[in-house]
Every structure is written in structure tokens, then in C-alpha cells.
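Peer 1: Please read through the structure below; I'll follow up with questions.
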2 protein chains.
Amino acid sequence: MTSSLRVLGIDPGLTRCGVGVVDVDRSRRGTLVHVGVIRSSPDAEIGDRLAIVAAGIREVIAEYRPDAVAVERVFAQQNTHTVMGTAQASGVALLIAAESGLPAATHTPSEVKAAVTGYGSADKRQVQAMIARILRLDAPPQPADAADALAIALCHAWRRGGAVATQGALTPAQRAWAAAERVART
Amino acid sequence: MTSSLRVLGIDPGLTRCGVGVVDVDRSRRGTLVHVGVIRSSPDAEIGDRLAIVAAGIREVIAEYRPDAVAVERVFAQQNTHTVMGTAQASGVALLIAAESGLPAATHTPSEVKAAVTGYGSADKRQVQAMIARILRLDAPPQPADAADALAIALCHAWRRGGAVATQGALTPAQRAWAAAERVART
């Protein structure tokens with residue numbers, strides 16, 4: 001039995017809010033605990049949609065009792081049509097983490113992509129594929145928001161653990177990617 | 001005794017979140033019930049700041065029991081340095097309204113300014129001056145965020161009451177402004 005860190009990753013959103021829980025052990029090995037998507041209808045009132053997101057996150061925290069929460073950071077530069085709703089959902093996620101007494105952090109999309117694929121501009125399909133490999137899943141998590149939530153959780157656990165990429169050293173993701181490529185070639 | 005509508009107006013923000021409660025009677029006359037500013041330190045964690053905003057809003061709702069909540073709408077086009085925090089605070093405000101079972105609405109800054117000054121591009125000083133006149137206060141509410149919160153509440157009460165400006169008709173704000181100008185001239 002090694003002590004592990006349990007992280008809840010949240011990909012904030014109103015229509016789809018990804019939630020993923022992973023355990024990461026001291027050797028940086030990640031294991032899937034839970035993954036899901038909280039959905040709310042675009043026809044509902046904004047307050048009711050945020051309440052659905054809040055209830056869903058509280059439920060995951062109550063059931064899986066993470067040690068920390070990581071939320072993807074939202075930028076104003078992104079798609080302005082949905083960015084305000086995404087920012088509001090991220091605020092709700094950070095509020096619930098704080099009210100649950102859990103440490104919370106935000107990570108940028110490029111930090112998350114770099115952590116799991118070794119490449120800050122990776123596309124959604126690459127992230128999904130790497131998440132499946134890192135967590136030893138039979139298939140990539142669906143939809144992309146679910147994979148993103150797991151990627152955010154892994155990014156947080158690895159960064160928190162001091163797994164900062166240095167020249168000449170591989171990040172855990174780069175090692176996993178290299179291993180996966182070796183497997184794919186055999 | 002006429003039945004009146006009690007509205008909580010919220011000017012969302014992290015460093016300063018304005019909260020104002022007004023009663024508006026059937027003749028559209030507004031009366032100040034409460035005004036304040038919830039403050040959180042820029043040095044605090046974002047989740048803790050949002051929790052302070054949430055606690056402050058819950059306290060106002062518990063103490064003054066408004067019938068409705070109105071929140072100023074945040075746009076991505078605004079100052080990008082603070083817009084995400086403002087959007088997150090607005091999400092928290094809308095969440096708490098929904099979880100308190102209160103109807104909530106958002107109004108744009110220009111709707112709010114037009115409602116209280118008759119002019120959608122009014123500056124902060126004009127809004128503060130008009131709020132003092134409309135609510136019969138001895139001095140303009142300070143800081144501007146407090147006056148804005150009251151303006152949002154009045155905007156909501158008047159719009160909800162069907163006080164839509166039509167050509168040839170004055171809004172309640174325009175009538176109040178005209179009356180205030182008559183008083184100032186005497």
C-alpha cells in the first residue's frame with residue numbers, strides 16, 4: 001500500500017461539465033476512480049444550470065472524497081459566445097472546492113495538454129488517446145470533456161508532485177507516450 | 001399599505017461586490033432597504049474569494065428576504081484582466097439565487113444606466129447622483145459599486161413592472177430625472 005493523491009479534475013461548462021477523479025501514487029502512476037459529465041439544458045435558466053453543475057460537483061466530492069480539486073482555466077480570448085457561461089461554471093467549481101475545504105488550483109489548457117501528451121497544442125483526440133493509455137483503459141473516455149477532466153486531474157497531480165519537465169528529463173506523460181509508442185510498434 | 005417588490009441587485013466582483021436591496025411599490029417608487037459592498041483580498045485564493053462573496057450574498061438574502069435577484073451581465077469585451085473574476089463572481093451570485101429559490105435575471109450595464117438616468121452611456125457619477133435622488137438619500141451611495149447594485153435592483157423592478165420605454169413616453173427614471181432637474185432649478 002502506497003499513499004496516493006486523489007484529484008478531482010473539472011473541465012468547466014454549462015452544457016457539458018467534465019468531472020474526472022484519479023488516484024496518483026508516489027511513482028506517479030495514475031488510476032481511474034470516476035469519470036462523468038454533468039449536463040444542463042441550454043433552455044434552462046442560467047441560475048438553474050449553475051445549480052445543476054454545483055449539485056453534480058458536490059455529489060462527486062461527497063462520494064469520492066478527493067484530496068484536491070483542479071479546474072481548467074478559462075480565458076476571455078476563447079469563443080466569446082460560450083466563454084461567460086464557462087467562466088461562471090468555473091467560479092461555481094472553485095467555490096464548491098473552497099466550501100468543501102479542499103485546496104483548488106487552475107491550470108491552462110496548454111499546461112494540461114503538455115502534461116499528458118508532452119505537447120501543448122495537442123488536439124482533443126490525442127488527449128483522449130493518451131488518457132486511455134496513461135490510465136490503462138480499453139477505450140478513450142467519451143465525450144472529450146470527460147477525457148479533459150481526467151487530463152486536468154493528472155496534470156495537477158504531476159505538477160504538484162514536482163514533475164516539472166527539465167532539459168534531458170522526460171515528464172511522466174512523455175515516458176508514457178514513449179512506452180505507448182514502443183507498444184504500438186510491436 | 002401597497003404591496004411592493006423587494007429586489008436584491010448585485011454588481012459582481014471579487015475585490016468589491018456591490019449588493020443593494022430596494023423596495024419598489026406599485027407606483028414605482030423605490031425605497032432603500034440595504035446597501036453594502038462585499039470585499040475580498042486580491043492576495044487570497046480565488047476559491048476563498050468566491051466563498052466570501054457567496055457568504056456575503058447568502059447573508060443579505062437571509063436578512064432582507066428579497067423577492068428577486070438581479071445581477072449585472074458581464075461581457076468578455078470588458079477589461080480582460082479582471083473580467084474572468086467578475087464572471088466567476090456573477091456565476092456564484094446566480095447560483096446562490098437559484099439555490100435560495102429566488103428568480104434571477106441579468107441586465108446589461110447600458111440597460112441599467114438607461115433605466116436610472118435615461119441615458120445608456122451615463123458615467124458612474126451620474127448613476128450615483130440619480131440613485132441618491134430616486135431613493136431620496138442625503139448623499140450618493142459610496143463606493144460606485146454600491147450605487148451600481150442599487151441601480152441594477154431598480155432597473156430590474158422597473159423593467160419587470162413593464163416600464164418599457166416607448167416613443168413619446170418617459171421611463172420612471174426619465175420622470176425622476178426630470179423631477180430632480182426641476183427641483184435643482186428652484
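Naming works like this for the C-alpha cells: A, B, ... for the chains as they're shown, residue 1 at the start of each chain, ligands 1 onward in shown order.
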Taking the chain letters and numbering used in this document, name the residues of chain A that DSSP puts in strand (DSSP E), as number ranges by chain.
Peer 2: A: 4-11, 16-25, 30-39, 68-72, 104-107
Peer 1: Name all residues at most 8 Å from A:Leu5 (count only C-alpha atoms; drop same-chain ones fewer than 5 positions away) and give them as a ChimeraX atom specification.
Peer 2: /A:23-25,66-67,157
Peer 1: Could the residues in this selection be saved with N, CA, C and O atoms as a compact mmCIF listing (two decimals), in the first residue's frame?
Peer 2:
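Saved to result-v8.txt:
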# COMPACT_ATOMS: atom_id res chain seq x y z
N ASP A 23 -6.54 8.59 -8.93
CA ASP A 23 -5.55 8.40 -7.86
C ASP A 23 -4.19 8.37 -8.51
O ASP A 23 -4.00 7.67 -9.52
N VAL A 24 -3.25 9.11 -7.95
CA VAL A 24 -1.88 9.09 -8.49
C VAL A 24 -0.96 8.69 -7.35
O VAL A 24 -0.95 9.34 -6.30
N ASP A 25 -0.23 7.59 -7.56
CA ASP A 25 0.61 7.10 -6.46
C ASP A 25 1.99 7.77 -6.49
O ASP A 25 2.27 8.60 -7.35
N PRO A 66 -12.09 13.54 -2.84
CA PRO A 66 -10.75 13.86 -3.36
C PRO A 66 -9.94 14.68 -2.34
O PRO A 66 -10.51 15.28 -1.43
N ASP A 67 -8.61 14.65 -2.53
CA ASP A 67 -7.72 15.46 -1.68
C ASP A 67 -7.55 16.87 -2.22
O ASP A 67 -7.15 17.78 -1.49
N ALA A 157 -1.90 16.51 -10.41
CA ALA A 157 -1.16 15.58 -9.54
C ALA A 157 0.32 15.57 -9.89
O ALA A 157 1.18 15.58 -9.01
Peer 1: Using only C-alpha atoms, what does the table of chain A residues within 6 Å of chain B look like, with each row giving the shortest atom pair and its distance in Å to one decimal, sorted by chain and ascending number, as JSON lines?
Peer 2:
{"residue": "A:Gly47", "atom": "CA", "partner": "B:Leu94", "partner_atom": "CA", "distance": 4.7}
{"residue": "A:Asp48", "atom": "CA", "partner": "B:Ala98", "partner_atom": "CA", "distance": 5.8}
{"residue": "A:Leu50", "atom": "CA", "partner": "B:Leu95", "partner_atom": "CA", "distance": 5.5}
{"residue": "A:Ala51", "atom": "CA", "partner": "B:Leu95", "partner_atom": "CA", "distance": 5.5}
{"residue": "A:Ala76", "atom": "CA", "partner": "B:Ala76", "partner_atom": "CA", "distance": 5.6}
{"residue": "A:Ala87", "atom": "CA", "partner": "B:Gln88", "partner_atom": "CA", "distance": 5.5}
{"residue": "A:Gln88", "atom": "CA", "partner": "B:Gly91", "partner_atom": "CA", "distance": 4.1}
{"residue": "A:Gly91", "atom": "CA", "partner": "B:Gln88", "partner_atom": "CA", "distance": 4.1}
{"residue": "A:Val92", "atom": "CA", "partner": "B:Val92", "partner_atom": "CA", "distance": 5.7}
{"residue": "A:Leu94", "atom": "CA", "partner": "B:Gly47", "partner_atom": "CA", "distance": 4.7}
{"residue": "A:Leu95", "atom": "CA", "partner": "B:Gly47", "partner_atom": "CA", "distance": 5.0}
{"residue": "A:Ala98", "atom": "CA", "partner": "B:Gly47", "partner_atom": "CA", "distance": 5.1}
Peer 1: Excluding A:Cys17 and any residue of its chain fewer than 4 positions from it, enumerate the residues within 6 Å of it, using only C-alpha atoms, and give them as a list in words.
Peer 2: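 That gives Asp11, Pro12, Gly13, Val37 and Ile38 of chain A.
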Peer 1: For a quick check of understanding, using only C-alpha atoms, which of A:Glu72, A:Asp138, A:Asp145, A:Asp123 has the smallest distance to A:Pro109?
Peer 2: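 Nearest candidate to A:Pro109 out of A:Glu72, A:Asp138, A:Asp145, A:Asp123: A:Glu72.
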Peer 1: Out of A:Gly56, A:Tyr64, A:Gly118, A:Pro143, which residue has the shortest atom-to-atom distance to A:His34 when counting only C-alpha atoms?
Peer 2: A:Tyr64
Peer 1: I'd like to know which residues of stretch 1-63 of chain A are alpha helix (DSSP H) (by DSSP, run on the backbone); could you write them as a ChimeraX atom specification?
Peer 2: /A:46-63
Peer 1: Just to be explicit: take each residue in the selection above, keep C-alpha atoms, and write the result as an mmCIF file, in the first residue's frame.
Peer 2:
data_model
loop_
_atom_site.group_PDB
_atom_site.id
_atom_site.type_symbol
_atom_site.label_atom_id
_atom_site.label_comp_id
_atom_site.auth_asym_id
_atom_site.auth_seq_id
_atom_site.Cartn_x
_atom_site.Cartn_y
_atom_site.Cartn_z
ATOM 1 C CA ILE A 46 -28.595 30.244 -16.101
ATOM 2 C CA GLY A 47 -29.002 30.045 -12.302
ATOM 3 C CA ASP A 48 -30.676 26.640 -12.552
ATOM 4 C CA ARG A 49 -27.925 25.418 -14.884
ATOM 5 C CA LEU A 50 -25.257 26.533 -12.412
ATOM 6 C CA ALA A 51 -27.187 24.818 -9.604
ATOM 7 C CA ILE A 52 -27.109 21.556 -11.606
ATOM 8 C CA VAL A 53 -23.344 21.921 -12.066
ATOM 9 C CA ALA A 54 -22.932 22.685 -8.352
ATOM 10 C CA ALA A 55 -25.038 19.706 -7.264
ATOM 11 C CA GLY A 56 -23.111 17.389 -9.598
ATOM 12 C CA ILE A 57 -19.729 18.507 -8.266
ATOM 13 C CA ARG A 58 -20.876 18.288 -4.633
ATOM 14 C CA GLU A 59 -22.079 14.732 -5.330
ATOM 15 C CA VAL A 60 -18.724 13.670 -6.781
ATOM 16 C CA ILE A 61 -16.857 15.213 -3.824
ATOM 17 C CA ALA A 62 -19.168 13.510 -1.309
ATOM 18 C CA GLU A 63 -18.846 10.124 -2.988
#
Peer 1: Give me, as a JSON list (two decimals) with all heavy atoms, in the first residue's frame, all polymer residues having an atom no more than 8 Å from A:Ala153, counting only C-alpha atoms and skipping those fewer than 3 positions away in the same chain.
Peer 2:
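So out.json came out as:
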[["chain", "number", "residue", "atom", "x", "y", "z"],
["A", 7, "VAL", "N", -7.24, 13.25, -6.97],
["A", 7, "VAL", "CA", -7.54, 14.59, -7.52],
["A", 7, "VAL", "C", -8.83, 14.55, -8.34],
["A", 7, "VAL", "O", -9.04, 13.65, -9.15],
["A", 7, "VAL", "CB", -6.40, 15.11, -8.42],
["A", 7, "VAL", "CG1", -6.72, 16.50, -8.95],
["A", 7, "VAL", "CG2", -5.08, 15.11, -7.66],
["A", 8, "LEU", "N", -9.69, 15.54, -8.09],
["A", 8, "LEU", "CA", -10.88, 15.75, -8.92],
["A", 8, "LEU", "C", -10.53, 16.82, -9.95],
["A", 8, "LEU", "O", -10.20, 17.96, -9.59],
["A", 8, "LEU", "CB", -12.06, 16.23, -8.06],
["A", 8, "LEU", "CG", -13.25, 16.86, -8.79],
["A", 8, "LEU", "CD1", -13.87, 15.92, -9.81],
["A", 8, "LEU", "CD2", -14.31, 17.34, -7.78],
["A", 9, "GLY", "N", -10.57, 16.44, -11.22],
["A", 9, "GLY", "CA", -10.35, 17.41, -12.30],
["A", 9, "GLY", "C", -11.69, 17.84, -12.86],
["A", 9, "GLY", "O", -12.60, 17.01, -13.01],
["A", 10, "ILE", "N", -11.82, 19.12, -13.14],
["A", 10, "ILE", "CA", -13.09, 19.65, -13.66],
["A", 10, "ILE", "C", -12.82, 20.46, -14.93],
["A", 10, "ILE", "O", -12.02, 21.39, -14.94],
["A", 10, "ILE", "CB", -13.79, 20.55, -12.61],
["A", 10, "ILE", "CG1", -14.11, 19.73, -11.35],
["A", 10, "ILE", "CG2", -15.06, 21.17, -13.19],
["A", 10, "ILE", "CD1", -14.70, 20.54, -10.21],
["A", 20, "GLY", "N", -13.61, 14.30, -13.50],
["A", 20, "GLY", "CA", -12.80, 13.08, -13.50],
["A", 20, "GLY", "C", -12.02, 12.97, -12.21],
["A", 20, "GLY", "O", -11.43, 13.96, -11.76],
["A", 21, "VAL", "N", -12.01, 11.78, -11.64],
["A", 21, "VAL", "CA", -11.27, 11.56, -10.39],
["A", 21, "VAL", "C", -10.20, 10.51, -10.65],
["A", 21, "VAL", "O", -10.50, 9.44, -11.20],
["A", 21, "VAL", "CB", -12.20, 11.10, -9.25],
["A", 21, "VAL", "CG1", -11.40, 10.91, -7.96],
["A", 21, "VAL", "CG2", -13.34, 12.08, -9.05],
["A", 22, "VAL", "N", -8.96, 10.84, -10.30],
["A", 22, "VAL", "CA", -7.87, 9.87, -10.45],
["A", 22, "VAL", "C", -7.08, 9.77, -9.15],
["A", 22, "VAL", "O", -6.99, 10.72, -8.39],
["A", 22, "VAL", "CB", -6.89, 10.27, -11.59],
["A", 22, "VAL", "CG1", -7.57, 10.24, -12.95],
["A", 22, "VAL", "CG2", -6.26, 11.62, -11.33],
["A", 69, "VAL", "N", -8.71, 19.66, -5.81],
["A", 69, "VAL", "CA", -9.54, 19.92, -6.99],
["A", 69, "VAL", "C", -8.72, 20.75, -7.97],
["A", 69, "VAL", "O", -8.01, 21.68, -7.58],
["A", 69, "VAL", "CB", -10.83, 20.68, -6.59],
["A", 69, "VAL", "CG1", -11.66, 21.03, -7.83],
["A", 69, "VAL", "CG2", -11.65, 19.86, -5.60],
["A", 70, "ALA", "N", -8.80, 20.39, -9.25],
["A", 70, "ALA", "CA", -8.11, 21.16, -10.30],
["A", 70, "ALA", "C", -9.13, 21.53, -11.36],
["A", 70, "ALA", "O", -9.92, 20.69, -11.80],
["A", 70, "ALA", "CB", -6.98, 20.33, -10.90],
["A", 149, "ALA", "N", -11.30, 16.31, -18.31],
["A", 149, "ALA", "CA", -11.36, 16.39, -16.84],
["A", 149, "ALA", "C", -10.30, 15.48, -16.22],
["A", 149, "ALA", "O", -9.63, 15.86, -15.25],
["A", 149, "ALA", "CB", -12.76, 16.00, -16.37],
["A", 150, "LEU", "N", -10.12, 14.29, -16.79],
["A", 150, "LEU", "CA", -9.09, 13.37, -16.30],
["A", 150, "LEU", "C", -7.69, 13.94, -16.56],
["A", 150, "LEU", "O", -6.79, 13.82, -15.73],
["A", 150, "LEU", "CB", -9.24, 12.00, -16.96],
["A", 150, "LEU", "CG", -10.53, 11.24, -16.60],
["A", 150, "LEU", "CD1", -10.72, 10.04, -17.52],
["A", 150, "LEU", "CD2", -10.51, 10.81, -15.14],
["A", 156, "HIS", "N", -2.60, 18.14, -12.62],
["A", 156, "HIS", "CA", -2.45, 18.70, -11.27],
["A", 156, "HIS", "C", -1.61, 17.80, -10.38],
["A", 156, "HIS", "O", -0.72, 18.27, -9.67],
["A", 156, "HIS", "CB", -3.83, 18.91, -10.65],
["A", 156, "HIS", "CG", -3.75, 19.55, -9.30],
["A", 156, "HIS", "ND1", -3.47, 20.88, -9.13],
["A", 156, "HIS", "CD2", -3.88, 19.04, -8.04],
["A", 156, "HIS", "CE1", -3.43, 21.16, -7.84],
["A", 156, "HIS", "NE2", -3.68, 20.07, -7.16],
["A", 157, "ALA", "N", -1.90, 16.51, -10.41],
["A", 157, "ALA", "CA", -1.16, 15.58, -9.54],
["A", 157, "ALA", "C", 0.32, 15.57, -9.89],
["A", 157, "ALA", "O", 1.18, 15.58, -9.01],
["A", 157, "ALA", "CB", -1.75, 14.17, -9.69]]
Peer 1: To one decimal place in Å, what is the distance between atom CA of B:Ile134 and atom CA of B:Leu154?
Peer 2: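 For atom CA of B:Ile134 relative to atom CA of B:Leu154, the distance reads 9.3 Å.
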Peer 1: Return the single residue from B:Ser4, B:Ala151, B:Arg136, B:Ala115 that is closest to B:Ser27, with distances computed using only C-alpha atoms.
Peer 2: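 Comparing B:Ser4, B:Ala151, B:Arg136, B:Ala115 against B:Ser27, the winner is B:Ser4.
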Peer 1: For the atom pair atom CA of B:Leu137 and atom CA of B:Trp158, what is the interatomic distance in Å to one decimal place?
Peer 2: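 Atom CA of B:Trp158 lies at a distance of 19.1 Å from atom CA of B:Leu137.
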Peer 1: Mind pulling up the distance from atom CA of B:Val71 to atom CA of B:Arg160?
Peer 2: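 Those two atoms sit 13.8 Å apart.
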